[in-house]
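Notes follow the structure.
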2 protein chains.
Amino acid sequence: LVGLDRVAIVGVGLIGGSIGLALKNRALASVVVGVGRDEATLEGAVRLGAIDRGTTDLVDAVAEAQVVVVCTPVSRIADDVRRAAESAPAQVLVTDAGSSKRQIVESVERHARSATVFVGAHPLAGSERRGAQHARADLFDGRVCVLTPTPRTRLDRSRLARNFWGALGCRVLEMSPAEHDEIVAYTSHLPHAVAAALASSVLPGWLPLAAGAYRDGTRVAAADTEIWTAIFRDNRGPLLKALGTLQERLDAFKYALMTDDEEAIRHWWNQARERRNLFDAQPDSPDPTQDPADRLT
Amino acid sequence: LVGLDRVAIVGVGLIGGSIGLALKNRALASVVVGVGRDEATLEGAVRLGAIDRGTTDLVDAVAEAQVVVVCTPVSRIADDVRRAAESAPAQVLVTDAGSSKRQIVESVERHARSATVFVGAHPLAGSERRGAQHARADLFDGRVCVLTPTPRTRLDRSRLARNFWGALGCRVLEMSPAEHDEIVAYTSHLPHAVAAALASSVLPGWLPLAAGAYRDGTRVAAADTEIWTAIFRDNRGPLLKALGTLQERLDAFKYALMTDDEEAIRHWWNQARERRNLFDAQPDSPDPTQDPADRLT
């Protein structure tokens with residue numbers, strides 16, 4: 001990626017702020033403009049060095065941008081993409097960082113102008129924390145970013161999107177929006193739902209007897225309510241299917257327990273253990289040591 | 001606790017080894033004897049400084065011990081306690097580190113001699129790793145240890161058990177074996193079962209799109225199969241009840257999703273989020289920074 005003159009980041013929270021820090025740290029953009037609704041948040045992001053200047057005026061911010069990255073909650077992304085596409089230069093790339101893709105892409109593609117400039121993206125990085133104050137320049141190092149081009153996506157935008165997310169440190173994969181949504185329903189949305197179900201299964205008075213397994217199993221239940229309510233709603237079809245699969249796994253375990261079938265319990269556990277070991281054995285499995293703050297939760 | 005002349009540790013794995021290291025590091029015992037079935041493992045534990053000497057002969061090891069700690073898998077603990085009680089001096093304290101308590105305590109108390117010398121214990125510390133090579137002298141620092149005395153427990157043994165586990169760094173709580181089992185079914189055994197169900201819900205080909213939520217949510221699914229098969233079987237009544245509670249939480253979420261009830265999803269998530277925040281707000285909630293190795297998984 002040759003250096004960009006101007007990048008606009010719409011929504012300067014954990015993800016948007018980290019994109020800004022990565023752009024500045026890697027000298028990928030001369031000017032990074034942040035768009036937000038709250039002046040104080042934008043000023044904070046400027047002080048952190050995540051953006052060069054902030055504005056509440058999206059139209060003004062994108063007017064001269066070569067790349068616009070929309071990092072607002074999934075329920076707002078399609079609207080923000082359309083507004084950016086209407087006001088940005090003709091050759092702009094608009095991309096996003098939403099955790100679900102099918103509905104966003106469909107909505108964006110209902111408008112000819114935004115369909116022409118948009119490439120959907122989902123960098124698989126984040127934290128249960130929110131806000132630019134938790135942003136990190138290395139948040140995307142080695143993490144997968146899924147791009148979801150469609151038959152309507154322009155090849156030049158697709159190429160620029162690959163270069164852009166790759167330059168931020170991501171390993172870029174491509175798949176259809178529907179395939180993306182089905183997979184992340186299992187790999188990300190289900191783990192969040194399970195963490196929440198587990199968290200609230202334990203009565204407050206019992207928490208002194210909760211230790212590492214509860215701590216790690218519920219970590220992401222501390223994530224932001226509005227962000228996750230929007231993601232769950234947006235991807236509820238695939239998520240319901242994933243919940244059904246989890247149910248089958250739990251039912252198999254319950255049956256083995258009820259019948260006190262030692263061999264079935266052992267087999268059930270071994271299947272899980274091998275899957276987890278397979279995850280650990282991935283050449284670039286997410287490395288928790290990347291985030292010192294993460295260890296404190 | 002005044003220094004002990006001789007402590008015997010039956011089962012020198014992660015827990016037994018960590019008890020040995022803590023005893024030596026805190027100068028709580030002059031001689032720590034480890035009992036195991038495998039000579040090589042015992043030699044390794046000696047080299048690590050977790051025990052002074054190892055033997056495969058339990059009778060010999062406990063003959064002069066003031067305290068015997070049984071750290072074998074839950075399916076073997078009652079037998080090992082009885083054997084230790086029969087061969088140790090009259091004034092011995094025999095305690096254990098089993099993750100479930102009711103069946104062990106009932107089994108131990110069916111024998112007059114072992115009922116007299118035994119105090120059940122469960123230090124809430126550990127890891128998905130096994131073996132003395134992962135043992136740490138500070139494994140018990142600030143962690144809760146539940147003691148489960150019964151009406152048959154001798155007061156002097158109860159006091160010595162409190163002192164012993166307290167001297168290892170634990171915060172000691174007392175409750176009945178049945179109450180312990182009901183609570184840890186929710187706080188520890190359920191999180192393990194959920195981690196395993198989640199781990200195997202994700203197909204191998206989808207793992208590249210699994211990130212932090214899957215990583216943390218499935219960490220304990222890497223734990224040892226035999227240890228956890230034994231715990232699940234031993235505590236299956238309370239665990240089935242806990243699985244029922246989890247089911248109710250998941251069903252509430254599914255219903256909210258199916259009806260696309262935004263307010264219900266938000267409310268469901270907030271309940272979980274508040275419970276998790278309550279856990280974090282505990283004055284001595286388990287601190288993951290205690291275990292540098294833990295961060296690498």
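Here, A, B, ... name the chains of the structure tokens in the order displayed, residue numbers run from 1 inside each chain, and ligands are numbered from 1 in the same displayed order.
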Q) Which residues come within 8 Å of segment 116-130 of chain B, counting only C-alpha atoms, excluding same-chain residues fewer than 5 positions away, as a VMD selection string? A) (chain A and resid 209 to 212) or (chain B and resid 13 to 15 81 85 91 to 101 105 108 139 to 140 143 to 149 152 to 154 157 to 158 161 170 219 to 224 294)
Q | 6 Å contacts from chain B to chain A using only C-alpha atoms, as an MDAnalysis selection string | A | chainID B and resid 186:187 191 196:197 199:202 210:211 213:214 216:217 221:222 229 246 249:250 266 272:273 275:276 286
Could you please take those selected residues and save N, CA, C and O atoms as a compact mmCIF listing (two decimals), in the first residue's frame?
# COMPACT_ATOMS: atom_id res chain seq x y z
N TYR B 186 -21.89 -25.43 39.74
CA TYR B 186 -22.15 -24.21 38.96
C TYR B 186 -20.87 -23.42 38.67
O TYR B 186 -20.69 -22.94 37.56
N THR B 187 -20.01 -23.26 39.66
CA THR B 187 -18.89 -22.33 39.50
C THR B 187 -17.69 -22.95 38.78
O THR B 187 -16.87 -22.22 38.25
N PRO B 191 -18.76 -24.57 34.03
CA PRO B 191 -17.87 -23.89 33.07
C PRO B 191 -17.00 -24.86 32.27
O PRO B 191 -16.72 -24.61 31.09
N ALA B 196 -16.28 -27.33 26.86
CA ALA B 196 -16.15 -28.48 25.97
C ALA B 196 -17.24 -28.48 24.90
O ALA B 196 -16.96 -28.73 23.72
N ALA B 197 -18.47 -28.17 25.31
CA ALA B 197 -19.57 -28.13 24.32
C ALA B 197 -19.29 -27.06 23.27
O ALA B 197 -19.53 -27.27 22.08
N ALA B 199 -16.26 -25.85 22.44
CA ALA B 199 -15.09 -26.22 21.64
C ALA B 199 -15.49 -27.10 20.46
O ALA B 199 -15.11 -26.85 19.32
N SER B 200 -16.30 -28.12 20.72
CA SER B 200 -16.61 -29.08 19.66
C SER B 200 -17.78 -28.63 18.79
O SER B 200 -18.12 -29.31 17.83
N SER B 201 -18.39 -27.49 19.10
CA SER B 201 -19.45 -26.97 18.23
C SER B 201 -18.89 -26.34 16.96
O SER B 201 -19.61 -26.15 15.98
N VAL B 202 -17.62 -25.99 16.98
CA VAL B 202 -17.01 -25.31 15.83
C VAL B 202 -16.25 -26.32 14.97
O VAL B 202 -15.37 -27.02 15.46
N ALA B 210 -11.89 -18.26 14.38
CA ALA B 210 -12.09 -18.21 15.84
C ALA B 210 -11.02 -17.32 16.44
O ALA B 210 -9.86 -17.40 16.07
N ALA B 211 -11.44 -16.45 17.36
CA ALA B 211 -10.49 -15.51 17.95
C ALA B 211 -10.60 -15.56 19.48
O ALA B 211 -10.79 -16.63 20.06
N ALA B 213 -12.77 -14.79 21.82
CA ALA B 213 -13.93 -15.30 22.56
C ALA B 213 -13.91 -16.82 22.58
O ALA B 213 -14.21 -17.44 23.61
N TYR B 214 -13.57 -17.44 21.46
CA TYR B 214 -13.46 -18.90 21.42
C TYR B 214 -12.26 -19.36 22.25
O TYR B 214 -12.35 -20.32 23.01
N ASP B 216 -10.75 -18.03 24.89
CA ASP B 216 -10.96 -18.00 26.33
C ASP B 216 -12.11 -18.90 26.75
O ASP B 216 -12.05 -19.54 27.80
N GLY B 217 -13.14 -18.96 25.92
CA GLY B 217 -14.31 -19.76 26.26
C GLY B 217 -14.05 -21.25 26.25
O GLY B 217 -14.82 -22.02 26.82
N ALA B 221 -11.19 -26.66 28.15
CA ALA B 221 -11.50 -27.90 27.43
C ALA B 221 -10.22 -28.67 27.10
O ALA B 221 -10.28 -29.83 26.67
N ALA B 222 -9.08 -28.06 27.30
CA ALA B 222 -7.80 -28.75 27.09
C ALA B 222 -7.39 -29.57 28.31
O ALA B 222 -6.38 -30.27 28.28
N THR B 229 -13.43 -36.66 33.57
CA THR B 229 -14.44 -37.71 33.51
C THR B 229 -14.81 -38.15 34.94
O THR B 229 -15.99 -38.31 35.28
N LEU B 246 -28.36 -23.54 33.05
CA LEU B 246 -27.77 -22.99 31.84
C LEU B 246 -28.76 -23.06 30.69
O LEU B 246 -28.93 -22.10 29.91
N ARG B 249 -31.22 -20.33 30.75
CA ARG B 249 -30.64 -19.06 30.31
C ARG B 249 -30.53 -19.03 28.77
O ARG B 249 -30.80 -18.03 28.14
N LEU B 250 -30.11 -20.15 28.20
CA LEU B 250 -29.99 -20.23 26.74
C LEU B 250 -31.36 -20.16 26.09
O LEU B 250 -31.54 -19.51 25.05
N ARG B 266 -31.35 -7.21 25.14
CA ARG B 266 -30.57 -6.24 25.92
C ARG B 266 -30.62 -6.59 27.41
O ARG B 266 -29.60 -6.60 28.10
N ALA B 272 -26.27 -10.78 32.50
CA ALA B 272 -25.01 -11.52 32.46
C ALA B 272 -23.83 -10.59 32.72
O ALA B 272 -22.91 -10.91 33.47
N ARG B 273 -23.89 -9.43 32.11
CA ARG B 273 -22.81 -8.46 32.22
C ARG B 273 -22.64 -8.02 33.67
O ARG B 273 -21.53 -7.88 34.18
N ARG B 275 -23.53 -9.73 36.34
CA ARG B 275 -23.01 -10.85 37.12
C ARG B 275 -21.50 -10.96 36.94
O ARG B 275 -20.76 -11.16 37.89
N ARG B 276 -21.05 -10.81 35.71
CA ARG B 276 -19.62 -10.88 35.45
C ARG B 276 -18.89 -9.71 36.14
O ARG B 276 -17.81 -9.89 36.70
N PRO B 286 -9.81 -14.24 41.57
CA PRO B 286 -8.58 -14.89 41.09
C PRO B 286 -7.88 -14.02 40.05
O PRO B 286 -8.51 -13.55 39.11
Q: Run DSSP on the backbone and give me the residues of segment 81-172 of chain B it puts in strand (DSSP E or B), as a PyMOL selection string.
A: chain B and resi 93-96+118-119+121-123+144-147+171-172
Q | Sel. of helix (DSSP H, G or I) residues, segment 192-292 of chain A, as a VMD selection string | A | chain A and resid 192 to 201 204 to 209 212 to 222 225 to 234 236 to 258 262 to 280 288 to 290
Q: Measure the distance from atom CA of Ala88 of chain B to atom CA of Leu58 of chain B in Å and round it to one decimal.
A: 9.7 Å
Q. By how many Å are atom CA of Arg171 of chain B and atom CA of Asp52 of chain B apart?
A.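 That distance, rounded to one decimal, is 26.5 Å.
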**Q.** Point-to-point distance from atom CA of Leu160 of chain A to atom CA of Ala84 of chain A, Å rounded to tenths
**A.**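 If I compute the distance from atom CA of Leu160 of chain A to atom CA of Ala84 of chain A, I get 17.1 Å.
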**Q.** Nearest to Trp165 of chain A by atom-to-atom distance, counting only C-alpha atoms, from A:Ile19, A:Asp79, A:Ala90, A:Arg113
**A.**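 Ranking A:Ile19, A:Asp79, A:Ala90, A:Arg113 by distance to Trp165 of chain A, first place goes to A:Ile19.
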Q.
My list of candidates is B:Gly17, B:Glu106, B:Gly166, B:Ala135. Which is closest to Pro151 of chain B when distances are computed with only C-alpha atoms?
A.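 Looking at the shortest contact to Pro151 of chain B, the residue is B:Glu106.
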